[in-house]
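Shown next: data_29.txt, given as compact mmCIF, C-alpha atoms.
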```txt
# COMPACT_ATOMS: atom_id res chain seq x y z
CA MET A 1116 10.83 74.47 -76.74
CA SER A 1117 10.73 70.78 -77.55
CA LYS A 1118 11.54 68.06 -75.07
CA GLN A 1119 14.58 67.08 -77.13
CA ILE A 1120 16.06 70.58 -77.01
CA LYS A 1121 15.61 70.70 -73.27
CA LYS A 1122 17.37 67.36 -73.03
CA TYR A 1123 20.36 68.59 -74.93
CA ASP A 1124 20.46 71.92 -73.10
CA LYS A 1125 20.71 69.96 -69.89
CA LEU A 1126 23.37 67.72 -71.33
CA TYR A 1127 25.58 70.60 -72.53
CA SER A 1128 24.89 73.07 -69.81
CA ASN A 1129 28.32 72.56 -68.28
CA ILE A 1130 30.28 72.73 -71.51
CA GLU A 1131 32.73 75.63 -71.69
CA LEU A 1132 33.14 77.42 -74.99
CA ILE A 1133 36.72 78.46 -75.54
CA PRO A 1134 37.45 81.30 -78.05
CA ASP A 1135 39.87 80.44 -80.77
CA GLU A 1136 43.11 82.42 -80.51
CA ALA A 1137 43.37 82.28 -84.21
CA ILE A 1138 40.18 84.19 -84.71
CA LYS A 1139 40.75 86.91 -87.09
CA ASP A 1140 39.15 90.25 -87.01
CA THR A 1141 37.25 90.01 -90.17
CA ASP A 1142 33.95 91.55 -90.91
CA ASP A 1143 32.12 88.44 -91.92
CA SER A 1144 33.28 86.03 -89.26
CA GLN A 1145 32.91 86.06 -85.46
CA GLY A 1146 33.29 82.32 -84.90
CA PHE A 1147 34.56 80.13 -81.98
CA ASP A 1148 36.10 76.71 -81.66
CA VAL A 1149 34.76 73.83 -79.29
CA ASP A 1150 37.12 71.87 -77.06
CA TRP A 1151 35.68 68.47 -77.89
CA ASP A 1152 37.98 66.57 -75.58
CA LEU A 1153 36.60 68.50 -72.63
CA VAL A 1154 33.08 67.95 -73.89
CA GLU A 1155 33.66 64.25 -74.11
CA LYS A 1156 35.13 64.20 -70.63
CA LYS A 1157 32.18 66.11 -69.20
CA TYR A 1158 29.77 63.83 -71.02
CA GLN A 1159 31.41 60.71 -69.69
CA GLN A 1160 31.32 62.13 -66.14
CA HIS A 1161 27.63 62.97 -66.50
CA ARG A 1162 26.84 59.55 -67.93
CA HIS A 1163 28.71 57.82 -65.16
CA ARG A 1164 26.81 59.73 -62.49
CA HIS A 1165 23.47 58.89 -64.08
CA HIS A 1166 24.34 55.21 -64.37
CA HIS A 1167 25.51 55.10 -60.78
CA SER A 1168 22.34 56.79 -59.63
CA SER A 1169 20.22 54.30 -61.58
CA SER A 1170 22.23 51.39 -60.23
CA SER A 1171 21.85 52.70 -56.73
CA GLY A 1172 18.15 52.97 -57.20
CA HIS A 1173 17.97 49.50 -58.60
CA SER A 1174 20.21 48.23 -55.82
CA HIS A 1175 18.04 50.01 -53.32
CA HIS A 1176 15.01 48.40 -54.86
CA HIS A 1177 16.71 45.01 -54.81
CA SER A 1178 17.84 45.56 -51.24
CA SER A 1179 14.32 46.58 -50.23
CA HIS A 1180 12.96 43.50 -51.91
CA SER A 1181 15.53 41.30 -50.14
CA GLU A 1182 14.75 42.95 -46.84
CA HIS A 1183 11.07 42.41 -47.49
CA LEU A 1184 11.71 38.74 -48.20
CA SER A 1185 13.95 38.53 -45.16
CA ASP A 1186 11.24 40.12 -43.02
CA LYS A 1187 8.71 37.67 -44.39
CA LYS A 1188 11.09 34.83 -43.65
CA LYS A 1189 11.69 36.12 -40.13
CA SER A 1190 7.97 36.54 -39.66
CA SER A 1191 7.40 33.01 -40.92
CA ASN A 1192 10.12 31.63 -38.65
CA GLY A 1193 8.66 33.61 -35.78
CA LYS A 1194 5.26 32.09 -36.42
CA ARG A 1195 6.79 28.63 -36.56
CA LYS A 1196 8.64 29.25 -33.31
CA LYS A 1197 5.50 30.58 -31.68
CA SER A 1198 3.57 27.56 -32.98
CA SER A 1199 6.27 25.18 -31.69
CA LYS A 1200 6.25 26.97 -28.37
CA LYS A 1201 2.49 26.66 -28.18
CA LYS A 1202 2.66 22.92 -29.00
CA TRP A 1203 5.45 22.36 -26.48
CA SER A 1204 3.54 24.40 -23.94
CA LYS A 1205 0.49 22.16 -24.37
CA LYS A 1206 2.60 18.99 -24.06
CA LYS A 1207 4.31 20.42 -21.03
CA LYS A 1208 0.98 21.18 -19.38
CA ILE A 1209 -0.26 17.63 -20.10
CA LEU A 1210 2.94 16.08 -18.71
CA ILE A 1211 2.78 18.26 -15.61
CA GLY A 1212 -0.89 17.33 -15.18
CA ILE A 1213 -0.10 13.60 -15.41
CA LEU A 1214 2.79 14.00 -12.98
CA ILE A 1215 0.60 15.86 -10.48
CA PHE A 1216 -2.08 13.17 -10.82
CA PHE A 1217 0.37 10.36 -10.02
CA ILE A 1218 1.90 12.31 -7.14
CA CYS A 1219 -1.58 12.86 -5.70
CA LEU A 1220 -2.40 9.17 -6.25
CA ILE A 1221 0.76 8.04 -4.46
CA ILE A 1222 0.16 10.49 -1.62
CA GLY A 1223 -3.45 9.31 -1.43
CA LEU A 1224 -2.45 5.64 -1.29
CA ILE A 1225 0.21 6.30 1.34
CA SER A 1226 -2.22 8.41 3.35
CA ALA A 1227 -4.93 5.74 3.06
CA PHE A 1228 -2.43 3.09 4.20
CA PHE A 1229 -1.40 5.06 7.29
CA ILE A 1230 -4.99 6.03 8.09
CA LEU A 1231 -6.08 2.38 7.86
CA ARG A 1232 -3.09 1.33 9.91
CA TYR A 1233 -3.85 3.95 12.55
CA LEU A 1234 -7.52 2.96 12.75
CA GLY A 1235 -6.58 -0.71 12.94
CA LYS A 1236 -4.12 -0.02 15.74
CA GLN A 1237 -6.71 1.99 17.65
CA ALA A 1238 -9.24 -0.83 17.32
CA MET A 1239 -6.76 -3.48 18.43
CA LEU A 1240 -5.44 -1.51 21.40
CA ASN A 1241 -8.71 -0.36 22.93
CA TYR A 1242 -8.58 -0.96 26.68
CA ASP A 1243 -10.86 1.83 27.85
CA ASN A 1244 -13.09 -0.58 29.78
CA LEU A 1245 -10.38 -2.74 31.30
CA ASN A 1246 -11.57 -4.62 34.39
CA ILE A 1247 -9.42 -7.62 35.28
CA THR A 1248 -10.93 -10.21 37.64
CA VAL A 1249 -7.85 -10.70 39.79
CA PRO A 1250 -7.79 -13.98 41.77
CA ASP A 1251 -8.57 -13.87 45.46
CA GLY A 1252 -5.61 -13.07 47.71
CA ILE A 1253 -3.76 -10.93 45.12
CA ASP A 1254 -3.53 -7.15 45.57
CA TYR A 1255 -4.24 -4.79 42.69
CA ASN A 1256 -5.19 -1.20 41.79
CA ASP A 1257 -7.11 0.63 39.06
CA ASN A 1258 -9.32 -2.29 37.97
CA GLY A 1259 -6.33 -4.56 37.62
CA ARG A 1260 -4.07 -2.22 35.64
CA ILE A 1261 -1.58 -2.57 38.49
CA ILE A 1262 -1.09 -6.00 40.11
CA TYR A 1263 1.15 -6.91 43.04
CA TYR A 1264 2.26 -10.53 42.80
CA ASN A 1265 5.03 -12.49 44.52
CA GLY A 1266 6.74 -9.30 45.72
CA HIS A 1267 6.71 -7.59 42.30
CA THR A 1268 4.58 -4.90 40.68
CA TYR A 1269 3.08 -5.48 37.23
CA GLN A 1270 1.47 -2.90 34.97
CA PHE A 1271 -0.98 -3.75 32.20
CA ASN A 1272 0.64 -3.23 28.78
CA GLU A 1273 -1.79 -1.37 26.54
CA ASN A 1274 0.44 -2.00 23.53
CA ILE A 1275 -0.64 -5.65 23.31
CA ALA A 1276 -3.02 -6.54 20.47
CA SER A 1277 -4.97 -9.83 20.67
CA VAL A 1278 -6.60 -12.07 18.06
CA LEU A 1279 -8.45 -15.28 18.94
CA PHE A 1280 -8.18 -17.88 16.18
CA MET A 1281 -10.89 -20.57 16.06
CA GLY A 1282 -11.05 -23.70 13.93
CA ILE A 1283 -14.69 -24.83 13.71
CA ASP A 1284 -15.50 -28.48 13.08
CA ASN A 1285 -18.24 -27.83 10.50
CA ARG A 1286 -17.79 -28.16 6.76
CA LYS A 1287 -19.91 -25.05 6.37
CA LEU A 1288 -20.62 -22.29 8.87
CA LYS A 1289 -24.28 -22.46 9.81
CA GLU A 1290 -26.67 -19.54 9.89
CA ASN A 1291 -29.46 -19.20 12.44
CA ALA A 1292 -28.34 -22.47 14.01
CA ILE A 1293 -30.38 -24.22 16.67
CA ALA A 1294 -28.80 -23.84 20.10
CA GLY A 1295 -25.98 -26.34 20.59
CA THR A 1296 -25.63 -27.26 16.89
CA ALA A 1297 -23.52 -24.39 15.48
CA GLY A 1298 -20.30 -26.40 15.70
CA GLN A 1299 -17.41 -26.67 18.13
CA ALA A 1300 -14.12 -24.76 18.25
CA ASP A 1301 -11.74 -27.70 17.87
CA ALA A 1302 -8.72 -25.37 17.65
CA LEU A 1303 -8.32 -22.33 19.92
CA TYR A 1304 -5.21 -20.15 19.68
CA LEU A 1305 -4.78 -16.71 21.23
CA PHE A 1306 -2.28 -14.58 19.29
CA THR A 1307 -0.87 -11.53 21.07
CA TYR A 1308 1.29 -8.91 19.35
CA ASN A 1309 3.44 -6.33 21.12
CA ALA A 1310 3.20 -3.12 19.08
CA LEU A 1311 6.41 -1.78 20.61
CA ASN A 1312 8.88 -4.59 19.97
CA GLY A 1313 7.02 -6.84 17.50
CA GLU A 1314 7.04 -9.87 19.80
CA ILE A 1315 4.29 -12.41 19.07
CA LYS A 1316 3.17 -14.82 21.73
CA VAL A 1317 0.65 -17.59 21.05
CA LEU A 1318 -1.32 -19.34 23.77
CA SER A 1319 -2.55 -22.79 22.81
CA LEU A 1320 -5.88 -23.40 24.58
CA ASN A 1321 -7.15 -26.91 25.09
CA ARG A 1322 -10.65 -27.25 23.62
CA ASP A 1323 -11.58 -29.62 26.46
CA THR A 1324 -10.82 -27.09 29.21
CA MET A 1325 -13.66 -27.00 31.72
CA THR A 1326 -14.89 -23.44 32.22
CA ASP A 1327 -18.05 -21.31 32.44
CA ILE A 1328 -19.73 -20.53 29.12
CA SER A 1329 -22.83 -18.51 28.30
CA ARG A 1330 -25.52 -20.20 26.27
CA TYR A 1331 -27.83 -18.54 23.76
CA ASP A 1332 -30.57 -19.71 21.47
CA ALA A 1333 -30.76 -19.07 17.71
CA SER A 1334 -32.52 -15.74 18.23
CA GLY A 1335 -29.60 -14.53 20.33
CA LYS A 1336 -31.43 -14.77 23.64
CA TYR A 1337 -29.31 -15.69 26.65
CA TYR A 1338 -30.75 -18.48 28.77
CA ASP A 1339 -28.02 -19.69 31.19
CA THR A 1340 -24.35 -20.17 32.08
CA ALA A 1341 -22.93 -23.69 32.31
CA THR A 1342 -19.59 -25.23 33.28
CA THR A 1343 -18.55 -27.34 30.33
CA GLN A 1344 -15.88 -27.72 27.62
CA LEU A 1345 -14.49 -24.39 26.35
CA CYS A 1346 -15.07 -25.39 22.71
CA LEU A 1347 -18.84 -25.57 23.20
CA ALA A 1348 -19.22 -21.82 23.59
CA TYR A 1349 -19.27 -21.56 19.80
CA ALA A 1350 -22.07 -24.14 19.57
CA TYR A 1351 -24.43 -21.95 21.58
CA GLY A 1352 -24.96 -19.15 19.14
CA ASP A 1353 -26.24 -18.43 15.63
CA GLY A 1354 -23.42 -20.27 13.86
CA LYS A 1355 -21.58 -17.11 12.86
CA THR A 1356 -21.10 -13.74 14.59
CA LEU A 1357 -22.97 -14.52 17.81
CA SER A 1358 -21.21 -17.88 18.10
CA ALA A 1359 -17.78 -16.31 17.53
CA GLU A 1360 -18.44 -13.53 20.04
CA ASN A 1361 -19.66 -16.03 22.62
CA GLN A 1362 -16.45 -18.04 22.16
CA VAL A 1363 -14.38 -14.88 22.64
CA THR A 1364 -16.31 -14.09 25.83
CA ALA A 1365 -15.66 -17.59 27.18
CA VAL A 1366 -11.90 -17.26 26.57
CA GLU A 1367 -11.85 -13.76 28.13
CA ARG A 1368 -13.61 -15.13 31.19
CA LEU A 1369 -11.09 -17.98 31.43
CA LEU A 1370 -8.20 -15.46 31.20
CA TYR A 1371 -9.39 -13.23 34.05
CA ASN A 1372 -11.39 -10.96 31.77
CA VAL A 1373 -8.53 -9.69 29.60
CA PRO A 1374 -10.10 -7.96 26.54
CA ILE A 1375 -9.69 -9.70 23.16
CA ASN A 1376 -10.49 -7.19 20.44
CA ALA A 1377 -10.34 -9.36 17.31
CA TYR A 1378 -11.34 -12.88 16.27
CA TYR A 1379 -11.02 -15.06 13.20
CA ALA A 1380 -12.98 -18.31 12.85
CA ILE A 1381 -12.67 -20.70 9.91
CA ASN A 1382 -14.56 -23.82 8.90
CA LEU A 1383 -13.01 -27.03 7.59
CA ASP A 1384 -13.05 -26.02 3.91
CA ALA A 1385 -10.94 -22.93 4.63
CA ILE A 1386 -7.98 -25.05 5.81
CA LYS A 1387 -7.16 -26.34 2.32
CA ILE A 1388 -7.66 -22.91 0.72
CA LEU A 1389 -5.30 -21.10 3.09
CA ASN A 1390 -2.78 -23.94 2.92
CA ASP A 1391 -2.65 -24.13 -0.88
CA ASP A 1392 -2.67 -20.34 -1.38
CA ILE A 1393 0.88 -20.21 -0.03
CA GLY A 1394 1.99 -23.24 -2.05
CA GLY A 1395 1.58 -25.79 0.73
CA VAL A 1396 3.27 -26.05 4.12
CA THR A 1397 6.54 -27.92 4.57
CA LEU A 1398 7.16 -29.54 7.96
CA THR A 1399 8.59 -32.58 9.72
CA PRO A 1400 5.97 -34.57 11.71
CA GLU A 1401 6.70 -35.40 15.34
CA TYR A 1402 4.31 -38.34 15.35
CA THR A 1403 3.44 -41.18 13.00
CA PHE A 1404 -0.26 -41.27 12.12
CA GLY A 1405 -2.41 -41.48 8.99
CA SER A 1406 -0.39 -40.24 5.98
CA PHE A 1407 2.50 -38.96 8.09
CA VAL A 1408 5.71 -40.53 9.34
CA LYS A 1409 7.65 -39.19 12.31
CA GLY A 1410 10.86 -37.42 11.25
CA GLN A 1411 10.08 -37.57 7.52
CA GLN A 1412 9.77 -34.08 5.99
CA ILE A 1413 6.72 -33.46 3.84
CA THR A 1414 5.03 -30.58 2.00
CA ILE A 1415 1.38 -30.70 2.93
CA LYS A 1416 -1.12 -29.84 0.19
CA GLY A 1417 -4.83 -30.23 -0.41
CA ASP A 1418 -6.82 -32.46 1.96
CA MET A 1419 -3.66 -33.48 3.80
CA ALA A 1420 -3.71 -30.14 5.64
CA GLU A 1421 -7.03 -30.97 7.31
CA GLU A 1422 -5.88 -34.49 8.10
CA PHE A 1423 -2.73 -33.22 9.81
CA VAL A 1424 -4.40 -30.66 12.08
CA ARG A 1425 -7.59 -32.60 12.87
CA HIS A 1426 -6.65 -36.26 13.30
CA ARG A 1427 -7.58 -37.52 16.77
CA ASP A 1428 -7.81 -40.99 18.23
CA THR A 1429 -10.97 -40.73 20.32
CA SER A 1430 -10.21 -44.05 22.01
CA LEU A 1431 -7.43 -42.22 23.86
CA LEU A 1432 -8.63 -39.78 26.53
CA ASP A 1433 -5.81 -37.30 26.07
CA ASP A 1434 -5.08 -37.63 22.35
CA ASN A 1435 -6.10 -34.01 21.90
CA LEU A 1436 -2.73 -33.10 23.44
CA ARG A 1437 -0.97 -34.86 20.53
CA ARG A 1438 -3.29 -33.16 18.06
CA MET A 1439 -2.52 -29.76 19.63
CA ALA A 1440 1.20 -30.47 19.21
CA CYS A 1441 0.58 -31.10 15.48
CA GLN A 1442 -1.44 -27.89 15.23
CA ARG A 1443 1.35 -25.85 16.85
CA LEU A 1444 3.90 -27.34 14.44
CA TYR A 1445 1.65 -26.53 11.49
CA ILE A 1446 0.99 -22.94 12.67
CA ASN A 1447 4.71 -22.29 13.16
CA SER A 1448 5.54 -23.69 9.72
CA PHE A 1449 2.70 -21.73 8.10
CA ALA A 1450 3.90 -18.47 9.74
CA ASN A 1451 7.51 -19.05 8.70
CA GLN A 1452 6.37 -19.32 5.08
CA ILE A 1453 3.75 -16.59 4.95
CA VAL A 1454 5.69 -13.80 6.69
CA PRO A 1455 8.51 -13.67 4.08
CA ALA A 1456 5.77 -13.60 1.41
CA ILE A 1457 4.11 -10.64 3.19
CA LYS A 1458 7.44 -8.80 3.29
CA GLN A 1459 7.61 -9.16 -0.49
CA ASP A 1460 3.97 -8.27 -1.08
CA LEU A 1461 1.61 -6.68 1.47
CA GLN A 1462 -1.30 -7.84 -0.70
CA VAL A 1463 -0.76 -11.48 0.36
CA PRO A 1464 -2.90 -11.26 3.55
CA ILE A 1465 -5.62 -9.49 1.59
CA LYS A 1466 -5.63 -12.26 -1.03
CA LEU A 1467 -5.84 -14.94 1.66
CA TYR A 1468 -8.55 -12.98 3.41
CA GLN A 1469 -10.60 -12.66 0.20
CA HIS A 1470 -10.14 -16.30 -0.90
CA SER A 1471 -11.30 -17.64 2.45
CA SER A 1472 -14.01 -15.04 3.15
CA ASP A 1473 -16.88 -17.41 2.28
CA PHE A 1474 -15.59 -19.91 4.84
CA THR A 1475 -14.82 -17.58 7.73
CA VAL A 1476 -16.44 -15.29 10.26
CA THR A 1477 -14.40 -12.41 11.66
CA ASN A 1478 -14.50 -8.84 12.91
CA ILE A 1479 -11.14 -8.13 11.28
CA GLN A 1480 -11.82 -5.43 8.70
CA MET A 1481 -9.39 -3.69 6.37
CA PRO A 1482 -7.93 -1.29 9.00
CA ILE A 1483 -7.02 -4.13 11.37
CA LEU A 1484 -5.77 -6.30 8.50
CA THR A 1485 -3.57 -3.44 7.24
CA TYR A 1486 -2.17 -2.86 10.71
CA LEU A 1487 -1.43 -6.52 11.38
CA ALA A 1488 0.03 -7.22 7.92
CA SER A 1489 2.34 -4.19 7.96
CA SER A 1490 3.44 -5.01 11.51
CA LEU A 1491 4.26 -8.61 10.61
CA ALA A 1492 6.20 -7.46 7.55
CA THR A 1493 8.41 -5.12 9.55
CA LYS A 1494 8.75 -6.66 13.02
CA PHE A 1495 8.15 -10.42 12.83
CA THR A 1496 10.80 -12.40 14.69
CA GLY A 1497 8.98 -15.71 15.08
CA LEU A 1498 6.24 -17.18 17.25
CA ASN A 1499 6.69 -17.74 20.94
CA MET A 1500 4.16 -20.52 21.62
CA LYS A 1501 2.98 -21.57 25.06
CA THR A 1502 0.45 -24.09 26.34
CA THR A 1503 -1.74 -24.29 29.39
CA THR A 1504 -1.01 -26.98 31.92
CA GLY A 1505 -3.53 -29.30 33.60
CA LYS A 1506 -4.74 -32.88 33.45
CA TYR A 1507 -7.48 -34.96 31.86
CA ILE A 1508 -10.22 -36.45 34.01
CA ASP A 1509 -12.29 -39.41 32.96
CA ASN A 1510 -15.77 -38.45 34.11
CA PRO A 1511 -18.24 -41.35 33.76
CA ASN A 1512 -21.12 -38.88 33.70
CA ASP A 1513 -19.73 -37.09 30.64
CA VAL A 1514 -18.78 -38.90 27.45
CA ALA A 1515 -16.69 -35.88 26.40
CA ALA A 1516 -13.14 -35.54 27.67
CA GLN A 1517 -12.56 -33.03 30.46
CA PHE A 1518 -9.37 -31.02 30.97
CA LYS A 1519 -8.81 -29.43 34.38
CA ILE A 1520 -6.54 -26.42 33.94
CA ASP A 1521 -3.95 -25.37 36.52
CA LYS A 1522 -5.10 -21.95 37.75
CA LYS A 1523 -1.84 -20.56 39.14
CA PRO A 1524 0.26 -21.19 35.99
CA LEU A 1525 -2.63 -19.79 33.92
CA PHE A 1526 -2.59 -16.50 35.88
CA GLU A 1527 1.19 -16.26 35.53
CA THR A 1528 0.76 -16.78 31.79
CA VAL A 1529 -1.66 -13.84 31.67
CA LEU A 1530 0.92 -11.71 33.49
CA ASP A 1531 3.56 -12.81 30.98
CA PHE A 1532 1.39 -12.06 27.93
CA TYR A 1533 -0.27 -8.80 29.01
CA TYR A 1534 1.76 -7.18 31.77
CA THR A 1535 5.14 -5.52 32.23
CA ARG A 1536 7.04 -5.87 35.47
CA ILE A 1537 7.91 -2.35 36.63
CA ASP A 1538 9.91 -2.90 39.84
```

Just dump the structure as C-alpha cells.
Amino acid sequence: MSKQIKKYDKLYSNIELIPDEAIKDTDDSQGFDVDWDLVEKKYQQHRHRHHHSSSSGHSHHHSSHSEHLSDKKKSSNGKRKKSSKKKWSKKKKILIGILIFFICLIIGLISAFFILRYLGKQAMLNYDNLNITVPDGIDYNDNGRIIYYNGHTYQFNENIASVLFMGIDNRKLKENAIAGTAGQADALYLFTYNALNGEIKVLSLNRDTMTDISRYDASGKYYDTATTQLCLAYAYGDGKTLSAENQVTAVERLLYNVPINAYYAINLDAIKILNDDIGGVTLTPEYTFGSFVKGQQITIKGDMAEEFVRHRDTSLLDDNLRRMACQRLYINSFANQIVPAIKQDLQVPIKLYQHSSDFTVTNIQMPILTYLASSLATKFTGLNMKTTTGKYIDNPNDVAAQFKIDKKPLFETVLDFYYTRID
C-alpha cells in the first residue's frame, strides 16, 4: 500500500458511512450515500487537533529556548555577582588589613609612650641608696628617711624628681679638658617636680657659694677635695660628662646628700637656640642695664638672651645677686611660654632637645624627657622659685667673690623641697 493511501485511510478512518434510505432493491445497484457535512466536520476537528499539537510543540520548543536563554542569563548574572563578590571581598580584606595596621600602630605608639614614661619615672624617682647627712643635733631614722625637727616628724618624699640645670660659661663645651679649664657653672638651678600633685619648686643656687668640691684631672682621676666656689666643680672634669657629674655631686653634698638623678648643662651658644625656638621670650626687666630698661616690656631674641642672663658688673662684689634675679625672671617667662606650647604639641621638648644637642651635655634620655614633658603638659601650675640666703665676703686672699650660705635656712629648704611633714 502506498504512503498516500495510508495517509488517506488515517484521515477518513473516523468517517461514518450512512446508508441511503432511498436505496432501491435493484439487481445492479447496491450503493450508499456519504454525509459530507459530517465528513467536513470531522476533518476540521482533526485538522484543528493537528495544528494545536504542532503549535504546542513549537511553543514548547520556543519555551525551552527561552528557558535556555534565561538560564544562560541567570548563569551569567550569577557569574557577575560571584565576580563582584570576589572583588568586594578582596577590597574588604585590604581595608580590614589597613585598619588593623593603623590600630596596631596606634596601640604601639601609645604603648611606647607609656613604657617610656614609666621608665623615665623610675629613673627619676630612684632613691634606693638614700643616705641623708643630717646636721649634728638633729634626730633621724632609716638613713634620714625620717627626720625629727623642731618638734615635728618629716618623711622623705620619694615622689620628688630632681633635675640640676647648669649654664656653662664656655662658647663650646670642651672635651678632655685640662683640670680647672673645663668652664664654670655660672647658672645653677635645681628643679624639683612632685609626681603626685605636679608642683614644681626651683632652688636658685649662688655660683659663688663656698663649699667642698672634688677635683679630677682630664683622665678622670680624683686628686683632692677643696673648699671653693660651687661653680668650679664643673671646671675640674673632662669638660662634658665627668664635669657635669662632678657638679651634681657638689650640689648633692651641699644639700645634705639628697640624690639628684638628672642634669642638663648648656653652653653659651645654646641660650640663643632655645630662646629663638619658642619665638623669643617676653618679659619686663626689673633693672636697667645694657640693652634693657627697668619696667619696659621687651621680647628678647637672638644675642639679647645671653646678654640678659649673663651681664654682671664685676666691680660690684655682690652683682651676681642682681644677675640671679634676671635669670629667675627669664626662667619664669620662658616656662610660661613653653608649657602652653607643650600642651599643644608634646614634640616641642624633643625639638628643643634635638636643636640644642650639640651644645649640651645631659643624662636625660628619651624616657626621662617623655616623662617630664607629659607631666608638664598635664600638671604644670607654675614655678615656685626660692633662693638661698647668706652674705658676700670680700676675701683679700681670693680675687673671686665668696658667698657664705646660711646653713639653717638651707636645711629647712631641703625639708620643704624633699620631705612631707607627717605629724

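Pairwise distance (atom CA of Glu1367 of chain A, atom CA of Leu1347 of chain A) equals 14.6 Å.
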
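The two atoms in question, atom CA of Glu1422 of chain A and atom CA of Ala1300 of chain A, are spaced 16.3 Å apart.
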
* Residue among A:Gly1354, A:Gly1394, A:Pro1374, A:Gly1505 lying closest to Val1476 of chain A, counting all atoms listed in the file ->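 Using all atoms listed in the file, Val1476 of chain A sits closest to A:Gly1354.
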
* Give as a list of chain:residue names the set of residues within 12 Å of the point (-19.7, -25.7, 34.5), where distances use the file's coordinates and all atoms listed in the file. =>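 Applying the cut-off with all atoms listed in the file, one gets A:Thr1324, A:Met1325, A:Thr1326, A:Asp1327, A:Ile1328, A:Ser1329, A:Arg1330, A:Asp1339, A:Thr1340, A:Ala1341, A:Thr1342, A:Thr1343, A:Gln1344, A:Leu1345, A:Leu1347, A:Ala1348, A:Ala1365, A:Leu1369, A:Gln1517, A:Lys1519.
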
* To do: For Leu1245 of chain A, list every protein, DNA or RNA residue within 10 Å, evaluated using all atoms listed in the file, and leave out those in the same chain fewer than 4 positions away; present the list as a list of chain:residue names.
  =>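 Non-adjacent residues within range: A:Asn1241, A:Asp1257, A:Asn1258, A:Gly1259, A:Arg1260, A:Phe1271, A:Glu1273, A:Asn1372, A:Val1373, A:Pro1374.
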